[in-house]
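Data from model35.cif: mmCIF, C-alpha atoms
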data_target
loop_
_atom_site.group_PDB
_atom_site.id
_atom_site.type_symbol
_atom_site.label_atom_id
_atom_site.label_comp_id
_atom_site.auth_asym_id
_atom_site.auth_seq_id
_atom_site.Cartn_x
_atom_site.Cartn_y
_atom_site.Cartn_z
ATOM 1 C CA MET A 1 4.221 41.840 -74.157
ATOM 2 C CA LEU A 2 0.963 42.715 -75.902
ATOM 3 C CA ARG A 3 -0.528 39.460 -74.769
ATOM 4 C CA LYS A 4 0.429 40.110 -71.118
ATOM 5 C CA THR A 5 -1.073 43.587 -71.315
ATOM 6 C CA PHE A 6 -4.264 42.091 -72.701
ATOM 7 C CA LEU A 7 -4.448 39.529 -69.902
ATOM 8 C CA VAL A 8 -3.845 42.159 -67.197
ATOM 9 C CA ALA A 9 -6.477 44.471 -68.726
ATOM 10 C CA PHE A 10 -8.947 41.592 -68.981
ATOM 11 C CA GLY A 11 -8.312 40.629 -65.351
ATOM 12 C CA LEU A 12 -8.863 44.211 -64.205
ATOM 13 C CA ILE A 13 -12.130 44.457 -66.159
ATOM 14 C CA LEU A 14 -13.274 41.170 -64.606
ATOM 15 C CA VAL A 15 -12.451 42.341 -61.069
ATOM 16 C CA CYS A 16 -14.113 45.739 -61.584
ATOM 17 C CA ALA A 17 -17.228 44.155 -63.071
ATOM 18 C CA THR A 18 -17.710 41.644 -60.265
ATOM 19 C CA THR A 19 -16.764 43.812 -57.274
ATOM 20 C CA PRO A 20 -20.095 45.707 -56.973
ATOM 21 C CA SER A 21 -22.093 42.459 -56.903
ATOM 22 C CA LEU A 22 -19.784 41.078 -54.230
ATOM 23 C CA ALA A 23 -20.008 44.218 -52.121
ATOM 24 C CA ALA A 24 -23.793 44.571 -52.298
ATOM 25 C CA ALA A 25 -25.836 41.814 -50.671
ATOM 26 C CA ASP A 26 -27.673 39.779 -53.282
ATOM 27 C CA PRO A 27 -31.435 39.842 -52.825
ATOM 28 C CA ILE A 28 -33.142 36.762 -51.430
ATOM 29 C CA VAL A 29 -35.763 35.403 -53.842
ATOM 30 C CA VAL A 30 -39.025 34.443 -52.155
ATOM 31 C CA THR A 31 -40.001 31.173 -53.864
ATOM 32 C CA SER A 32 -43.115 30.242 -51.882
ATOM 33 C CA GLY A 33 -45.414 31.498 -49.182
ATOM 34 C CA ASN A 34 -48.168 34.048 -49.004
ATOM 35 C CA THR A 35 -49.513 37.034 -47.202
ATOM 36 C CA VAL A 36 -53.227 37.001 -46.580
ATOM 37 C CA ALA A 37 -55.889 39.247 -45.068
ATOM 38 C CA ASP A 38 -59.519 38.425 -44.408
ATOM 39 C CA GLY A 39 -61.895 41.280 -45.079
ATOM 40 C CA ASP A 40 -64.464 40.211 -42.463
ATOM 41 C CA GLU A 41 -62.477 38.692 -39.626
ATOM 42 C CA PRO A 42 -59.093 39.579 -38.150
ATOM 43 C CA ALA A 43 -57.340 36.610 -39.763
ATOM 44 C CA PHE A 44 -53.998 37.737 -41.119
ATOM 45 C CA GLY A 45 -50.672 36.135 -41.842
ATOM 46 C CA THR A 46 -47.441 36.361 -43.778
ATOM 47 C CA HIS A 47 -45.177 33.447 -44.575
ATOM 48 C CA LEU A 48 -42.063 33.775 -46.735
ATOM 49 C CA GLU A 49 -39.831 30.939 -47.885
ATOM 50 C CA GLY A 50 -36.764 30.885 -50.099
ATOM 51 C CA LYS A 51 -33.118 29.862 -50.089
ATOM 52 C CA GLY A 52 -31.979 30.549 -46.529
ATOM 53 C CA LEU A 53 -35.297 32.221 -45.769
ATOM 54 C CA ASN A 54 -38.093 31.137 -43.442
ATOM 55 C CA PHE A 55 -40.149 33.951 -41.990
ATOM 56 C CA THR A 56 -43.598 33.847 -40.403
ATOM 57 C CA ALA A 57 -45.632 36.716 -39.001
ATOM 58 C CA ARG A 58 -49.200 36.907 -37.741
ATOM 59 C CA GLU A 59 -49.819 40.097 -39.673
ATOM 60 C CA PHE A 60 -50.780 41.096 -43.192
ATOM 61 C CA ALA A 61 -47.910 42.767 -45.013
ATOM 62 C CA GLY A 62 -50.075 45.522 -46.427
ATOM 63 C CA GLY A 63 -52.056 48.613 -45.650
ATOM 64 C CA ASP A 64 -55.746 49.403 -46.016
ATOM 65 C CA LEU A 65 -57.722 47.084 -48.240
ATOM 66 C CA PRO A 66 -60.049 48.277 -50.992
ATOM 67 C CA CYS A 67 -63.732 47.260 -51.017
ATOM 68 C CA VAL A 68 -63.838 46.793 -47.216
ATOM 69 C CA GLY A 69 -66.433 48.902 -45.455
ATOM 70 C CA GLY A 70 -67.287 50.688 -48.683
ATOM 71 C CA LEU A 71 -68.692 48.425 -51.368
ATOM 72 C CA CYS A 72 -67.174 48.301 -54.838
ATOM 73 C CA LEU A 73 -69.343 48.403 -57.919
ATOM 74 C CA PRO A 74 -69.441 46.133 -60.984
ATOM 75 C CA GLY A 75 -66.876 47.228 -63.571
ATOM 76 C CA ASP A 76 -64.666 48.993 -60.991
ATOM 77 C CA SER A 77 -60.926 48.814 -61.605
ATOM 78 C CA ILE A 78 -59.158 47.816 -58.399
ATOM 79 C CA ASP A 79 -55.535 48.316 -57.477
ATOM 80 C CA PHE A 80 -54.315 45.952 -54.767
ATOM 81 C CA SER A 81 -50.806 47.464 -54.688
ATOM 82 C CA THR A 82 -49.832 47.841 -51.060
ATOM 83 C CA GLU A 83 -46.904 47.970 -48.688
ATOM 84 C CA GLY A 84 -46.299 47.277 -45.047
ATOM 85 C CA THR A 85 -43.998 45.981 -42.346
ATOM 86 C CA VAL A 86 -44.489 42.704 -40.487
ATOM 87 C CA THR A 87 -42.626 41.347 -37.465
ATOM 88 C CA SER A 88 -41.731 37.753 -36.710
ATOM 89 C CA PHE A 89 -41.966 37.006 -32.999
ATOM 90 C CA ASP A 90 -40.549 33.527 -33.452
ATOM 91 C CA PRO A 91 -36.988 32.827 -34.566
ATOM 92 C CA ALA A 92 -36.693 33.537 -38.292
ATOM 93 C CA LEU A 93 -34.173 32.359 -40.859
ATOM 94 C CA VAL A 94 -33.019 35.191 -43.091
ATOM 95 C CA GLY A 95 -30.017 34.882 -45.380
ATOM 96 C CA GLY A 96 -29.150 31.546 -43.777
ATOM 97 C CA VAL A 97 -28.847 33.196 -40.370
ATOM 98 C CA THR A 98 -31.279 32.410 -37.550
ATOM 99 C CA THR A 99 -32.333 35.514 -35.718
ATOM 100 C CA PRO A 100 -34.571 35.731 -32.618
ATOM 101 C CA MET A 101 -36.601 38.549 -34.117
ATOM 102 C CA ALA A 102 -36.905 39.955 -37.607
ATOM 103 C CA GLU A 103 -38.882 42.485 -39.554
ATOM 104 C CA ALA A 104 -39.803 42.437 -43.208
ATOM 105 C CA ARG A 105 -40.876 45.493 -45.139
ATOM 106 C CA LEU A 106 -42.657 44.420 -48.328
ATOM 107 C CA VAL A 107 -43.848 46.514 -51.256
ATOM 108 C CA PHE A 108 -46.326 44.824 -53.601
ATOM 109 C CA SER A 109 -46.913 46.156 -57.112
ATOM 110 C CA VAL A 110 -50.106 44.516 -58.314
ATOM 111 C CA ALA A 111 -51.537 44.773 -61.830
ATOM 112 C CA LYS A 112 -54.936 46.479 -61.806
ATOM 113 C CA ALA A 113 -57.908 44.123 -62.027
ATOM 114 C CA GLN A 114 -61.421 44.912 -63.206
ATOM 115 C CA LEU A 115 -64.554 43.564 -61.567
ATOM 116 C CA PRO A 116 -67.074 41.977 -63.943
ATOM 117 C CA THR A 117 -69.842 44.246 -65.137
ATOM 118 C CA GLU A 118 -72.532 41.549 -65.082
ATOM 119 C CA LEU A 119 -73.125 39.928 -61.665
ATOM 120 C CA SER A 120 -76.602 38.472 -61.994
ATOM 121 C CA GLY A 121 -76.811 34.989 -60.502
ATOM 122 C CA LEU A 122 -73.367 35.251 -58.846
ATOM 123 C CA PHE A 123 -72.804 34.910 -55.086
ATOM 124 C CA SER A 124 -69.061 35.497 -55.163
ATOM 125 C CA VAL A 125 -66.355 36.708 -57.531
ATOM 126 C CA THR A 126 -62.651 35.833 -57.521
ATOM 127 C CA LEU A 127 -60.029 37.941 -59.317
ATOM 128 C CA LEU A 128 -56.516 36.763 -60.168
ATOM 129 C CA THR A 129 -53.833 39.268 -61.116
ATOM 130 C CA PRO A 130 -50.011 39.112 -61.153
ATOM 131 C CA PHE A 131 -47.790 40.960 -58.708
ATOM 132 C CA THR A 132 -44.120 41.669 -58.114
ATOM 133 C CA MET A 133 -42.674 42.278 -54.677
ATOM 134 C CA ARG A 134 -39.553 44.000 -53.457
ATOM 135 C CA GLY A 135 -38.632 44.574 -49.873
ATOM 136 C CA GLU A 136 -36.111 44.273 -47.121
ATOM 137 C CA SER A 137 -35.672 42.025 -44.117
ATOM 138 C CA ARG A 138 -34.093 43.364 -40.966
ATOM 139 C CA HIS A 139 -32.479 41.292 -38.238
ATOM 140 C CA LEU A 140 -33.210 42.780 -34.848
ATOM 141 C CA THR A 141 -31.102 42.458 -31.732
ATOM 142 C CA TRP A 142 -32.143 40.683 -28.529
ATOM 143 C CA MET A 143 -32.569 44.078 -26.856
ATOM 144 C CA ALA A 144 -35.094 45.102 -29.521
ATOM 145 C CA ARG A 145 -36.978 41.815 -29.042
ATOM 146 C CA ARG A 146 -37.239 42.322 -25.256
ATOM 147 C CA CYS A 147 -38.405 45.916 -25.665
ATOM 148 C CA PHE A 148 -40.919 44.917 -28.316
ATOM 149 C CA LEU A 149 -42.350 42.043 -26.271
ATOM 150 C CA ALA A 150 -42.521 44.268 -23.175
ATOM 151 C CA LEU A 151 -44.481 46.860 -25.123
ATOM 152 C CA TRP A 152 -46.684 44.162 -26.654
ATOM 153 C CA MET B 1 -36.696 49.990 -33.912
ATOM 154 C CA ASP B 2 -34.421 51.168 -36.714
ATOM 155 C CA GLY B 3 -31.568 51.830 -34.310
ATOM 156 C CA ALA B 4 -31.668 48.201 -33.152
ATOM 157 C CA THR B 5 -31.268 46.700 -36.619
ATOM 158 C CA LEU B 6 -28.351 44.269 -36.693
ATOM 159 C CA PHE B 7 -28.234 43.948 -40.488
ATOM 160 C CA SER B 8 -30.635 43.773 -43.410
ATOM 161 C CA ARG B 9 -31.089 41.864 -46.677
ATOM 162 C CA PRO B 10 -33.140 42.840 -49.726
ATOM 163 C CA LEU B 11 -36.032 40.596 -50.744
ATOM 164 C CA VAL B 12 -37.656 40.075 -54.153
ATOM 165 C CA GLY B 13 -40.503 37.887 -55.344
ATOM 166 C CA ARG B 14 -43.457 37.578 -57.635
ATOM 167 C CA GLY B 15 -46.682 35.647 -57.893
ATOM 168 C CA VAL B 16 -50.437 35.967 -58.164
ATOM 169 C CA THR B 17 -52.827 38.085 -56.125
ATOM 170 C CA ARG B 18 -56.115 36.327 -55.448
ATOM 171 C CA ALA B 19 -59.037 38.447 -54.272
ATOM 172 C CA SER B 20 -62.445 37.052 -53.412
ATOM 173 C CA PHE B 21 -65.581 39.207 -53.155
ATOM 174 C CA ASP B 22 -69.074 38.593 -51.780
ATOM 175 C CA VAL B 23 -71.774 39.784 -54.133
ATOM 176 C CA SER B 24 -74.723 41.662 -52.644
ATOM 177 C CA PRO B 25 -77.505 43.667 -54.303
ATOM 178 C CA ASP B 26 -75.610 46.856 -53.379
ATOM 179 C CA GLY B 27 -72.261 45.839 -54.792
ATOM 180 C CA LEU B 28 -69.180 43.778 -53.918
ATOM 181 C CA ASN B 29 -67.485 43.421 -50.536
ATOM 182 C CA LEU B 30 -63.938 42.052 -50.235
ATOM 183 C CA PHE B 31 -63.970 38.666 -48.514
ATOM 184 C CA PHE B 32 -60.222 38.066 -48.535
ATOM 185 C CA VAL B 33 -57.092 38.991 -50.471
ATOM 186 C CA GLU B 34 -53.999 36.844 -50.735
ATOM 187 C CA HIS B 35 -50.631 37.412 -52.423
ATOM 188 C CA VAL B 36 -49.335 33.928 -53.276
ATOM 189 C CA PHE B 37 -45.622 33.722 -54.125
ATOM 190 C CA GLU B 38 -44.386 31.562 -56.993
ATOM 191 C CA ASP B 39 -40.976 30.127 -57.631
ATOM 192 C CA SER B 40 -39.161 32.489 -60.010
ATOM 193 C CA ALA B 41 -35.798 31.386 -61.312
ATOM 194 C CA PRO B 42 -33.423 34.362 -61.488
ATOM 195 C CA VAL B 43 -32.835 35.540 -65.076
ATOM 196 C CA PRO B 44 -29.210 36.509 -65.784
ATOM 197 C CA GLU B 45 -28.765 40.168 -66.677
ATOM 198 C CA PRO B 46 -27.392 41.058 -70.148
ATOM 199 C CA GLY B 47 -24.240 42.406 -68.476
ATOM 200 C CA THR B 48 -23.658 39.092 -66.714
ATOM 201 C CA LEU B 49 -24.181 37.162 -69.956
ATOM 202 C CA LEU B 50 -21.733 39.452 -71.770
ATOM 203 C CA LEU B 51 -19.166 38.948 -69.005
ATOM 204 C CA LEU B 52 -19.641 35.173 -69.156
ATOM 205 C CA ALA B 53 -19.358 35.115 -72.961
ATOM 206 C CA THR B 54 -16.187 37.234 -72.839
ATOM 207 C CA GLY B 55 -14.647 34.924 -70.231
ATOM 208 C CA LEU B 56 -15.486 31.793 -72.196
ATOM 209 C CA GLY B 57 -14.157 33.402 -75.382
ATOM 210 C CA ALA B 58 -10.869 34.240 -73.645
ATOM 211 C CA ILE B 59 -10.526 30.650 -72.357
ATOM 212 C CA VAL B 60 -11.195 29.166 -75.807
ATOM 213 C CA TRP B 61 -8.823 31.658 -77.485
ATOM 214 C CA ARG B 62 -6.085 30.804 -74.998
ATOM 215 C CA ALA B 63 -6.622 27.053 -75.393
ATOM 216 C CA LEU B 64 -6.493 27.331 -79.207
ATOM 217 C CA ASN B 65 -3.395 29.525 -79.013
ATOM 218 C CA ARG B 66 -1.674 27.051 -76.708
ATOM 219 C CA SER B 67 -2.513 24.061 -78.905
ATOM 220 C CA SER B 68 -1.268 25.804 -82.068
ATOM 221 C CA ASN B 69 1.949 26.776 -80.240
ATOM 222 C CA ALA B 70 2.351 23.186 -79.084
ATOM 223 C CA VAL B 71 1.922 21.891 -82.633
ATOM 224 C CA ALA B 72 4.487 24.444 -83.878
ATOM 225 C CA ARG B 73 6.930 23.361 -81.153
ATOM 226 C CA LEU B 74 6.441 19.672 -81.958
ATOM 227 C CA GLN B 75 6.944 20.406 -85.654
ATOM 228 C CA LYS B 76 10.104 22.336 -84.805
ATOM 229 C CA TRP B 77 11.465 19.383 -82.826
ATOM 230 C CA GLY B 78 10.507 17.035 -85.641
ATOM 231 C CA VAL B 79 8.193 14.970 -83.413
ATOM 232 C CA TYR B 80 5.000 15.976 -85.192
ATOM 233 C CA GLY B 81 4.528 15.229 -88.929
ATOM 234 C CA ARG B 82 5.866 17.795 -91.437
#
Full structure transcribed into structure tokens:
Amino acid sequence: MLRKTFLVAFGLILVCATTPSLAAADPIVVTSGNTVADGDEPAFGTHLEGKGLNFTAREFAGGDLPCVGGLCLPGDSIDFSTEGTVTSFDPALVGGVTTPMAEARLVFSVAKAQLPTELSGLFSVTLLTPFTMRGESRHLTWMARRCFLALW
Amino acid sequence: MDGATLFSRPLVGRGVTRASFDVSPDGLNLFFVEHVFEDSAPVPEPGTLLLLATGLGAIVWRALNRSSNAVARLQKWGVYGR
């Protein structure tokens, strides 16, 4: 009797513990791709790949860039954290489902990087700093695609 | 556009931000910035590990219990050595 009670209680705990993860959609991990913005020319792009994910947009998934227009100075600490929404005009694969139009809202948290203090003899400087990203992809209906393309 | 959303999925990722600057006598001007994603294997949460360990423990406990019961039964029937 005690053993049956234990098994029932264990089963209930197992069900209760796993139900929230079943109910909530697991996040898709972006395993490769990039989002890039050129400071001088309007060359932008976002490409995301992962399990059941293939998303391409001709936009930069971020807001205003630092050190564009206004120059930065040696020794400045720069925060490249940014967020933005990009739209795929071509069919995108999100969560294993092909959709005619999709949006991705991405939030980048980038570790602050410091420019070198001594620049004599240098023509260019490249900084590398880690980031984490969280976001959300939205599948849009055909009606939204037609409206969007009409407005575009 | 929000009203036309069919459904949504959360996204996560990590990687390296690469920023390139042109150096001029007045300072530095951003040439380009790129967030490059890297493959990040999901790390199991402590709760998941605890759940897995509990499940495995229960399976082992049950298997051991069954085998000891089986031995006792065989001994009772005189099939297994006394």
Can you work out which residues from chain A touch chain B at a cut-off of 8 Å (counting only C-alpha atoms) and hand them back as number ranges by chain? A: 14, 25-40, 66-74, 94-95, 110, 119, 122-141, 143-144
Given the file shown, enumerate the residues that the PyMOL selection byres ((chain A and resi 85) around 9) captures and present them as a list in words. Glu59, Phe60, Ala61, Gly62, Glu83, Gly84, Val86, Thr87, Glu103, Ala104, Arg105, Leu106 and Val107 of chain A
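Counting from atom CA of A:Phe55, the distance to atom CA of A:Phe80 is 22.5 Å.
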In Å to one decimal, how far is atom CA of A:Gly50 from atom CA of A:Ala102? 15.4 Å
What's the separation between atom CA of A:Leu53 and atom CA of A:Ala92, in Å to one decimal place?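 Computing the Euclidean distance for atom CA of A:Leu53 and atom CA of A:Ala92 yields 7.7 Å.
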Excluding same-chain residues fewer than 4 positions from A:Gln114, what lies within 6 Å of it counting all atoms listed in the file, as a ChimeraX atom specification? /A:75-77
Please rebuild stretch 50-61 of chain B with all heavy atoms and return the result as a PDB file, keeping the file's coordinate frame.
ATOM      1  N   LEU B  50     -22.845  38.925 -70.978  1.00  0.00           N
ATOM      2  CA  LEU B  50     -21.733  39.452 -71.770  1.00  0.00           C
ATOM      3  C   LEU B  50     -20.401  39.104 -71.104  1.00  0.00           C
ATOM      4  O   LEU B  50     -19.443  38.677 -71.765  1.00  0.00           O
ATOM      5  CB  LEU B  50     -21.883  40.975 -71.917  1.00  0.00           C
ATOM      6  CG  LEU B  50     -20.843  41.669 -72.790  1.00  0.00           C
ATOM      7  CD1 LEU B  50     -21.022  41.272 -74.242  1.00  0.00           C
ATOM      8  CD2 LEU B  50     -20.954  43.180 -72.658  1.00  0.00           C
ATOM      9  N   LEU B  51     -20.378  39.253 -69.776  1.00  0.00           N
ATOM     10  CA  LEU B  51     -19.166  38.948 -69.005  1.00  0.00           C
ATOM     11  C   LEU B  51     -18.815  37.467 -69.139  1.00  0.00           C
ATOM     12  O   LEU B  51     -17.652  37.096 -69.351  1.00  0.00           O
ATOM     13  CB  LEU B  51     -19.411  39.319 -67.543  1.00  0.00           C
ATOM     14  CG  LEU B  51     -18.198  39.458 -66.646  1.00  0.00           C
ATOM     15  CD1 LEU B  51     -17.331  40.605 -67.115  1.00  0.00           C
ATOM     16  CD2 LEU B  51     -18.632  39.663 -65.209  1.00  0.00           C
ATOM     17  N   LEU B  52     -19.840  36.618 -69.050  1.00  0.00           N
ATOM     18  CA  LEU B  52     -19.641  35.173 -69.156  1.00  0.00           C
ATOM     19  C   LEU B  52     -19.134  34.807 -70.548  1.00  0.00           C
ATOM     20  O   LEU B  52     -18.181  34.018 -70.694  1.00  0.00           O
ATOM     21  CB  LEU B  52     -20.967  34.464 -68.864  1.00  0.00           C
ATOM     22  CG  LEU B  52     -20.917  32.950 -68.748  1.00  0.00           C
ATOM     23  CD1 LEU B  52     -20.156  32.543 -67.498  1.00  0.00           C
ATOM     24  CD2 LEU B  52     -22.324  32.371 -68.705  1.00  0.00           C
ATOM     25  N   ALA B  53     -19.754  35.409 -71.584  1.00  0.00           N
ATOM     26  CA  ALA B  53     -19.358  35.115 -72.961  1.00  0.00           C
ATOM     27  C   ALA B  53     -17.914  35.565 -73.213  1.00  0.00           C
ATOM     28  O   ALA B  53     -17.136  34.848 -73.857  1.00  0.00           O
ATOM     29  CB  ALA B  53     -20.308  35.819 -73.935  1.00  0.00           C
ATOM     30  N   THR B  54     -17.549  36.734 -72.671  1.00  0.00           N
ATOM     31  CA  THR B  54     -16.187  37.234 -72.839  1.00  0.00           C
ATOM     32  C   THR B  54     -15.186  36.293 -72.179  1.00  0.00           C
ATOM     33  O   THR B  54     -14.135  35.976 -72.742  1.00  0.00           O
ATOM     34  CB  THR B  54     -16.059  38.647 -72.221  1.00  0.00           C
ATOM     35  OG1 THR B  54     -17.127  39.449 -72.700  1.00  0.00           O
ATOM     36  CG2 THR B  54     -14.742  39.299 -72.576  1.00  0.00           C
ATOM     37  N   GLY B  55     -15.529  35.843 -70.969  1.00  0.00           N
ATOM     38  CA  GLY B  55     -14.647  34.924 -70.231  1.00  0.00           C
ATOM     39  C   GLY B  55     -14.457  33.620 -70.970  1.00  0.00           C
ATOM     40  O   GLY B  55     -13.327  33.130 -71.120  1.00  0.00           O
ATOM     41  N   LEU B  56     -15.564  33.053 -71.455  1.00  0.00           N
ATOM     42  CA  LEU B  56     -15.486  31.793 -72.196  1.00  0.00           C
ATOM     43  C   LEU B  56     -14.677  31.959 -73.486  1.00  0.00           C
ATOM     44  O   LEU B  56     -13.883  31.094 -73.847  1.00  0.00           O
ATOM     45  CB  LEU B  56     -16.893  31.283 -72.524  1.00  0.00           C
ATOM     46  CG  LEU B  56     -17.696  30.727 -71.346  1.00  0.00           C
ATOM     47  CD1 LEU B  56     -19.122  30.404 -71.772  1.00  0.00           C
ATOM     48  CD2 LEU B  56     -17.026  29.481 -70.783  1.00  0.00           C
ATOM     49  N   GLY B  57     -14.904  33.102 -74.156  1.00  0.00           N
ATOM     50  CA  GLY B  57     -14.157  33.402 -75.382  1.00  0.00           C
ATOM     51  C   GLY B  57     -12.661  33.469 -75.121  1.00  0.00           C
ATOM     52  O   GLY B  57     -11.848  32.927 -75.891  1.00  0.00           O
ATOM     53  N   ALA B  58     -12.287  34.113 -74.003  1.00  0.00           N
ATOM     54  CA  ALA B  58     -10.869  34.240 -73.645  1.00  0.00           C
ATOM     55  C   ALA B  58     -10.247  32.875 -73.379  1.00  0.00           C
ATOM     56  O   ALA B  58      -9.117  32.595 -73.786  1.00  0.00           O
ATOM     57  CB  ALA B  58     -10.733  35.143 -72.423  1.00  0.00           C
ATOM     58  N   ILE B  59     -11.026  31.997 -72.674  1.00  0.00           N
ATOM     59  CA  ILE B  59     -10.526  30.650 -72.357  1.00  0.00           C
ATOM     60  C   ILE B  59     -10.310  29.848 -73.630  1.00  0.00           C
ATOM     61  O   ILE B  59      -9.269  29.200 -73.815  1.00  0.00           O
ATOM     62  CB  ILE B  59     -11.512  29.926 -71.402  1.00  0.00           C
ATOM     63  CG1 ILE B  59     -11.467  30.579 -70.016  1.00  0.00           C
ATOM     64  CG2 ILE B  59     -11.191  28.449 -71.302  1.00  0.00           C
ATOM     65  CD1 ILE B  59     -12.590  30.176 -69.096  1.00  0.00           C
ATOM     66  N   VAL B  60     -11.293  29.909 -74.537  1.00  0.00           N
ATOM     67  CA  VAL B  60     -11.195  29.166 -75.807  1.00  0.00           C
ATOM     68  C   VAL B  60     -10.029  29.692 -76.631  1.00  0.00           C
ATOM     69  O   VAL B  60      -9.232  28.901 -77.177  1.00  0.00           O
ATOM     70  CB  VAL B  60     -12.529  29.277 -76.597  1.00  0.00           C
ATOM     71  CG1 VAL B  60     -12.371  28.749 -78.007  1.00  0.00           C
ATOM     72  CG2 VAL B  60     -13.638  28.519 -75.880  1.00  0.00           C
ATOM     73  N   TRP B  61      -9.901  31.038 -76.713  1.00  0.00           N
ATOM     74  CA  TRP B  61      -8.823  31.658 -77.485  1.00  0.00           C
ATOM     75  C   TRP B  61      -7.457  31.209 -76.957  1.00  0.00           C
ATOM     76  O   TRP B  61      -6.565  30.850 -77.702  1.00  0.00           O
ATOM     77  CB  TRP B  61      -8.950  33.181 -77.397  1.00  0.00           C
ATOM     78  CG  TRP B  61      -7.838  33.930 -78.049  1.00  0.00           C
ATOM     79  CD1 TRP B  61      -7.666  34.147 -79.377  1.00  0.00           C
ATOM     80  CD2 TRP B  61      -6.728  34.553 -77.410  1.00  0.00           C
ATOM     81  NE1 TRP B  61      -6.527  34.860 -79.603  1.00  0.00           N
ATOM     82  CE2 TRP B  61      -5.931  35.130 -78.407  1.00  0.00           C
ATOM     83  CE3 TRP B  61      -6.340  34.670 -76.060  1.00  0.00           C
ATOM     84  CZ2 TRP B  61      -4.766  35.824 -78.120  1.00  0.00           C
ATOM     85  CZ3 TRP B  61      -5.180  35.357 -75.773  1.00  0.00           C
ATOM     86  CH2 TRP B  61      -4.398  35.928 -76.795  1.00  0.00           C
TER      87      TRP B  61
END
